[in-house]
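Student: Next comes structure-v3.cif, mmCIF, C-alpha atoms:
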```
data_final
loop_
_atom_site.group_PDB
_atom_site.id
_atom_site.type_symbol
_atom_site.label_atom_id
_atom_site.label_comp_id
_atom_site.auth_asym_id
_atom_site.auth_seq_id
_atom_site.Cartn_x
_atom_site.Cartn_y
_atom_site.Cartn_z
ATOM 1 C CA MET A 1255 -163.996 -94.646 -15.610
ATOM 2 C CA HIS A 1256 -165.735 -94.523 -18.997
ATOM 3 C CA TYR A 1257 -169.392 -93.580 -19.503
ATOM 4 C CA ASP A 1258 -171.076 -94.187 -22.857
ATOM 5 C CA LEU A 1259 -173.447 -91.275 -23.440
ATOM 6 C CA GLY A 1260 -174.147 -92.170 -27.057
ATOM 7 C CA ALA A 1261 -173.588 -90.179 -30.230
ATOM 8 C CA VAL A 1262 -175.415 -87.654 -32.394
ATOM 9 C CA GLY A 1263 -174.799 -87.644 -36.139
ATOM 10 C CA GLY A 1264 -171.831 -89.969 -35.662
ATOM 11 C CA VAL A 1265 -170.196 -87.647 -33.106
ATOM 12 C CA GLY A 1266 -169.862 -88.988 -29.566
ATOM 13 C CA LEU A 1267 -171.152 -87.059 -26.586
ATOM 14 C CA ALA A 1268 -168.243 -86.227 -24.250
ATOM 15 C CA ILE A 1269 -168.573 -85.038 -20.656
ATOM 16 C CA THR A 1270 -167.741 -81.357 -20.112
ATOM 17 C CA ASP A 1271 -168.562 -81.085 -16.378
ATOM 18 C CA VAL A 1272 -170.062 -83.134 -13.531
ATOM 19 C CA VAL A 1273 -171.781 -82.231 -10.264
ATOM 20 C CA ALA A 1274 -172.836 -84.514 -7.417
ATOM 21 C CA LEU A 1275 -176.390 -84.568 -6.112
ATOM 22 C CA PRO A 1276 -177.488 -85.389 -2.589
ATOM 23 C CA GLY A 1277 -177.910 -89.155 -2.524
ATOM 24 C CA GLY A 1278 -174.910 -89.833 -4.738
ATOM 25 C CA ASP A 1279 -176.232 -89.472 -8.295
ATOM 26 C CA LEU A 1280 -174.241 -87.313 -10.713
ATOM 27 C CA ILE A 1281 -175.451 -84.841 -13.330
ATOM 28 C CA ALA A 1282 -173.075 -84.420 -16.268
ATOM 29 C CA SER A 1283 -173.136 -81.905 -19.084
ATOM 30 C CA ALA A 1284 -171.970 -83.271 -22.422
ATOM 31 C CA ALA A 1285 -171.267 -82.012 -25.924
ATOM 32 C CA ALA A 1286 -170.910 -83.744 -29.267
ATOM 33 C CA GLU A 1287 -168.071 -81.665 -30.737
ATOM 34 C CA ASP A 1288 -166.858 -82.745 -34.171
ATOM 35 C CA SER A 1289 -163.097 -82.409 -33.688
ATOM 36 C CA PRO A 1290 -160.276 -84.894 -34.335
ATOM 37 C CA ASP A 1291 -158.502 -83.733 -31.149
ATOM 38 C CA PRO A 1292 -160.331 -83.355 -27.797
ATOM 39 C CA ARG A 1293 -158.270 -80.245 -26.982
ATOM 40 C CA GLU A 1294 -159.284 -78.443 -30.181
ATOM 41 C CA ASP A 1295 -162.661 -76.805 -30.777
ATOM 42 C CA GLY A 1296 -164.877 -78.026 -33.582
ATOM 43 C CA PRO A 1297 -168.505 -77.707 -34.637
ATOM 44 C CA VAL A 1298 -170.824 -78.701 -31.795
ATOM 45 C CA VAL A 1299 -173.629 -80.828 -33.220
ATOM 46 C CA ALA A 1300 -175.507 -81.503 -29.960
ATOM 47 C CA SER A 1301 -175.402 -81.120 -26.205
ATOM 48 C CA ALA A 1302 -177.094 -82.964 -23.372
ATOM 49 C CA LEU A 1303 -177.394 -83.570 -19.664
ATOM 50 C CA ALA A 1304 -176.873 -87.079 -18.294
ATOM 51 C CA ARG A 1305 -177.805 -88.624 -14.953
ATOM 52 C CA ILE A 1306 -175.263 -91.151 -13.703
ATOM 53 C CA ARG A 1307 -175.716 -93.566 -10.810
ATOM 54 C CA GLY A 1308 -172.671 -95.560 -9.780
ATOM 55 C CA ASP A 1309 -171.102 -97.018 -12.918
ATOM 56 C CA HIS A 1310 -174.213 -96.620 -15.085
ATOM 57 C CA VAL A 1311 -175.669 -93.854 -17.207
ATOM 58 C CA GLN A 1312 -179.344 -93.739 -16.204
ATOM 59 C CA GLU A 1313 -180.586 -91.152 -18.670
ATOM 60 C CA VAL A 1314 -179.332 -88.766 -21.362
ATOM 61 C CA VAL A 1315 -181.533 -85.784 -22.232
ATOM 62 C CA PRO A 1316 -180.724 -83.488 -25.173
ATOM 63 C CA LEU A 1317 -180.564 -79.771 -24.444
ATOM 64 C CA PRO A 1318 -182.709 -77.546 -26.654
ATOM 65 C CA ARG A 1319 -181.201 -75.246 -29.250
ATOM 66 C CA LEU A 1320 -181.241 -71.502 -28.685
ATOM 67 C CA ASN A 1321 -182.141 -69.439 -31.757
ATOM 68 C CA GLY A 1322 -181.202 -72.453 -33.893
ATOM 69 C CA SER A 1323 -177.772 -72.882 -32.296
ATOM 70 C CA VAL A 1324 -176.495 -75.690 -30.092
ATOM 71 C CA ILE A 1325 -175.838 -74.610 -26.507
ATOM 72 C CA LYS A 1326 -172.504 -76.049 -25.331
ATOM 73 C CA VAL A 1327 -172.632 -76.256 -21.537
ATOM 74 C CA GLU A 1328 -169.162 -76.525 -20.008
ATOM 75 C CA GLY A 1329 -169.826 -75.688 -16.380
ATOM 76 C CA LEU A 1330 -172.427 -76.762 -13.816
ATOM 77 C CA MET A 1331 -173.144 -75.671 -10.242
ATOM 78 C CA VAL A 1332 -175.852 -77.030 -7.936
ATOM 79 C CA LEU A 1333 -177.982 -74.216 -6.509
ATOM 80 C CA ASP A 1334 -180.593 -76.261 -4.666
ATOM 81 C CA ALA A 1335 -181.542 -79.933 -4.532
ATOM 82 C CA ASP A 1336 -184.212 -82.059 -2.919
ATOM 83 C CA GLU A 1337 -185.487 -85.591 -3.465
ATOM 84 C CA GLY A 1338 -187.319 -84.810 -6.697
ATOM 85 C CA GLN A 1339 -185.734 -81.755 -8.272
ATOM 86 C CA THR A 1340 -182.401 -79.965 -8.630
ATOM 87 C CA SER A 1341 -181.755 -76.370 -9.683
ATOM 88 C CA LEU A 1342 -178.449 -75.785 -11.467
ATOM 89 C CA TYR A 1343 -176.504 -72.922 -12.961
ATOM 90 C CA ALA A 1344 -175.124 -73.891 -16.358
ATOM 91 C CA VAL A 1345 -172.332 -71.878 -18.006
ATOM 92 C CA THR A 1346 -171.890 -71.998 -21.770
ATOM 93 C CA ASP A 1347 -168.883 -71.739 -24.065
ATOM 94 C CA VAL A 1348 -169.419 -70.279 -27.524
ATOM 95 C CA ASP A 1349 -165.820 -71.067 -28.608
ATOM 96 C CA ASP A 1350 -165.268 -67.446 -29.616
ATOM 97 C CA PRO A 1351 -162.739 -65.386 -27.613
ATOM 98 C CA ASP A 1352 -164.553 -62.187 -28.612
ATOM 99 C CA ALA A 1353 -167.986 -63.360 -27.429
ATOM 100 C CA ALA A 1354 -169.172 -63.529 -23.846
ATOM 101 C CA SER A 1355 -170.245 -66.797 -22.335
ATOM 102 C CA TRP A 1356 -173.514 -66.795 -20.463
ATOM 103 C CA ALA A 1357 -175.103 -68.581 -17.544
ATOM 104 C CA THR A 1358 -178.612 -69.926 -17.287
ATOM 105 C CA LYS A 1359 -180.609 -71.626 -14.604
ATOM 106 C CA LEU A 1360 -181.795 -75.180 -15.276
ATOM 107 C CA ARG A 1361 -184.242 -77.305 -13.324
ATOM 108 C CA VAL A 1362 -183.814 -81.080 -13.471
ATOM 109 C CA SER A 1363 -186.386 -83.566 -12.181
ATOM 110 C CA HIS A 1364 -185.163 -86.921 -10.926
#
```
What does this structure look like when you write it as structure tokens?

Tutor:
Amino acid sequence: MHYDLGAVGGVGLAITDVVALPGGDLIASAAAEDSPDPREDGPVVASALARIRGDHVQEVVPLPRLNGSVIKVEGLMVLDADEGQTSLYAVTDVDDPDAASWATKLRVSH
């Protein structure tokens, strides 16, 4: 299945992880990574979360920068979900083997 999440600065947003919500919707993390090969790292120009229902992307929301840098989320885990809100853990990847990744808690309204 292919989901069009759009592009930022001519670089397409590609899904990095997906979690299912109660009720069947999906939350996907995505990154716009400027690389000619999807297996190779490149500069990340943007990142986002997307809500997917069935075959359709319902919404794409850009993630804020942290200290001027793009946060590349590559892992998601649902902590708690109800009809109007979901709490997630998001794990980042800084594409540097000498730097630690970090996790943050996100809250998504739906």

Student: Give me the residues within 12 Å of Glu1328 (chain A) as a short mmCIF file (atom, residue, chain, number, x, y, z; two decimals) with C-alpha atoms, keeping the file's coordinate frame, counting only C-alpha atoms and dropping any in the same chain fewer than 6 places off.

Tutor:
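The file below, selection.cif, is the result:
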```cif
data_model
loop_
_atom_site.label_atom_id
_atom_site.label_comp_id
_atom_site.auth_asym_id
_atom_site.auth_seq_id
_atom_site.Cartn_x
_atom_site.Cartn_y
_atom_site.Cartn_z
CA ALA A 1268 -168.24 -86.23 -24.25
CA ILE A 1269 -168.57 -85.04 -20.66
CA THR A 1270 -167.74 -81.36 -20.11
CA ASP A 1271 -168.56 -81.08 -16.38
CA VAL A 1272 -170.06 -83.13 -13.53
CA VAL A 1273 -171.78 -82.23 -10.26
CA ALA A 1282 -173.08 -84.42 -16.27
CA SER A 1283 -173.14 -81.90 -19.08
CA ALA A 1284 -171.97 -83.27 -22.42
CA ALA A 1285 -171.27 -82.01 -25.92
CA ALA A 1286 -170.91 -83.74 -29.27
CA GLU A 1287 -168.07 -81.67 -30.74
CA SER A 1301 -175.40 -81.12 -26.20
CA ALA A 1302 -177.09 -82.96 -23.37
CA LEU A 1303 -177.39 -83.57 -19.66
CA TYR A 1343 -176.50 -72.92 -12.96
CA ALA A 1344 -175.12 -73.89 -16.36
CA VAL A 1345 -172.33 -71.88 -18.01
CA THR A 1346 -171.89 -72.00 -21.77
CA ASP A 1347 -168.88 -71.74 -24.06
CA VAL A 1348 -169.42 -70.28 -27.52
CA ASP A 1349 -165.82 -71.07 -28.61
CA SER A 1355 -170.24 -66.80 -22.34
CA TRP A 1356 -173.51 -66.80 -20.46
CA ALA A 1357 -175.10 -68.58 -17.54
CA THR A 1358 -178.61 -69.93 -17.29
#
```

Student: Taking all atoms listed in the file into account, which of A:Val1311, A:Ala1354, A:Met1255, A:Ala1304 comes nearest Ile1281 (chain A)?

Tutor: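 Among the listed residues, A:Ala1304 lies closest to Ile1281 (chain A).
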
Student: In Å, how far is it from CA of Ser1341 (chain A) to CA of His1256 (chain A)?

Tutor: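 About the pair CA of Ser1341 (chain A) and CA of His1256 (chain A): they are 25.9 Å apart.
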
Student: For the atom pair CA of Val1299 (chain A) and CA of Val1315 (chain A), what is the interatomic distance in Å to one decimal place?

Tutor: 14.4 Å

Student: Do you know which residues the PyMOL selection byres ((chain A and resi 1278) around 12) returns on this file, as a PDB file with C-alpha atoms, keeping the file's coordinate frame?

Tutor:
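part-v8.pdb, written as the output of this step:
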```
ATOM      1  CA  VAL A1273    -171.781 -82.231 -10.264  1.00  0.00           C
ATOM      2  CA  ALA A1274    -172.836 -84.514  -7.417  1.00  0.00           C
ATOM      3  CA  LEU A1275    -176.390 -84.568  -6.112  1.00  0.00           C
ATOM      4  CA  PRO A1276    -177.488 -85.389  -2.589  1.00  0.00           C
ATOM      5  CA  GLY A1277    -177.910 -89.155  -2.524  1.00  0.00           C
ATOM      6  CA  ASP A1279    -176.232 -89.472  -8.295  1.00  0.00           C
ATOM      7  CA  LEU A1280    -174.241 -87.313 -10.713  1.00  0.00           C
ATOM      8  CA  ILE A1281    -175.451 -84.841 -13.330  1.00  0.00           C
ATOM      9  CA  ARG A1305    -177.805 -88.624 -14.953  1.00  0.00           C
ATOM     10  CA  ILE A1306    -175.263 -91.151 -13.703  1.00  0.00           C
ATOM     11  CA  ARG A1307    -175.716 -93.566 -10.810  1.00  0.00           C
ATOM     12  CA  GLY A1308    -172.671 -95.560  -9.780  1.00  0.00           C
ATOM     13  CA  ASP A1309    -171.102 -97.018 -12.918  1.00  0.00           C
ATOM     14  CA  ALA A1335    -181.542 -79.933  -4.532  1.00  0.00           C
ATOM     15  CA  GLU A1337    -185.487 -85.591  -3.465  1.00  0.00           C
TER      16      GLU A1337
END
```

Student: Just to confirm, what's the straight-line distance from CA of Leu1342 (chain A) to CA of Ala1261 (chain A) in Å (one decimal)?

Tutor: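 Taking CA of Leu1342 (chain A) and CA of Ala1261 (chain A), their separation equals 24.1 Å.
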
Student: If you count all atoms listed in the file, which residues fall within 10 Å of Ala1300 (chain A), apart from same-chain ones fewer than 4 positions away, as a list in words?

Tutor: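 Selected residues are Ala1261, Val1262, Gly1263, Val1265, Gly1266, Leu1267, Ala1284, Ala1285, Ala1286, Glu1287, Asp1288, Pro1316, Leu1317, Pro1318, Arg1319, Ser1323, Val1324, Ile1325 and Lys1326 of chain A.
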
Student: Let me make sure I understand: among A:Asn1321, A:Asp1352, A:Lys1359, A:Val1298, which one has the smallest atom-to-atom distance to Leu1333 (chain A) if we use all atoms listed in the file?

Tutor: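 Counting all atoms listed in the file, the residue closest to Leu1333 (chain A) is A:Lys1359.
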
Student: I'd like the box whose edges run along x, y and z of the file and which contains every listed atom of region 1336-1348 of chain A, padded by 6 Å per side; could you state its centre and edge lengths in Å, one decimal, as lines of an AutoDock Vina configuration file?

Tutor:
```
center_x = -178.1
center_y = -77.9
center_z = -15.2
size_x = 30.4
size_y = 27.3
size_z = 36.6
```

Student: I'd like the residues picked by the PyMOL selection byres ((chain A and resi 1364) around 10) written out as number ranges by chain, using the chain letters and numbers from the file.

Tutor: A: 1279, 1305, 1313, 1336-1340, 1361-1363

Student: How would you write as an mmCIF file with C-alpha atoms, in the coordinates of the input the residues that get within 6 Å of (-174.5, -89.9, -24.2) in the file's frame, counting all atoms listed in the file?

Tutor:
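Written output follows (result27.cif):
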```cif
data_model
loop_
_atom_site.group_PDB
_atom_site.id
_atom_site.type_symbol
_atom_site.label_atom_id
_atom_site.label_comp_id
_atom_site.auth_asym_id
_atom_site.auth_seq_id
_atom_site.Cartn_x
_atom_site.Cartn_y
_atom_site.Cartn_z
ATOM 1 C CA ASP A 1258 -171.076 -94.187 -22.857
ATOM 2 C CA LEU A 1259 -173.447 -91.275 -23.440
ATOM 3 C CA GLY A 1260 -174.147 -92.170 -27.057
ATOM 4 C CA LEU A 1267 -171.152 -87.059 -26.586
ATOM 5 C CA VAL A 1314 -179.332 -88.766 -21.362
#
```
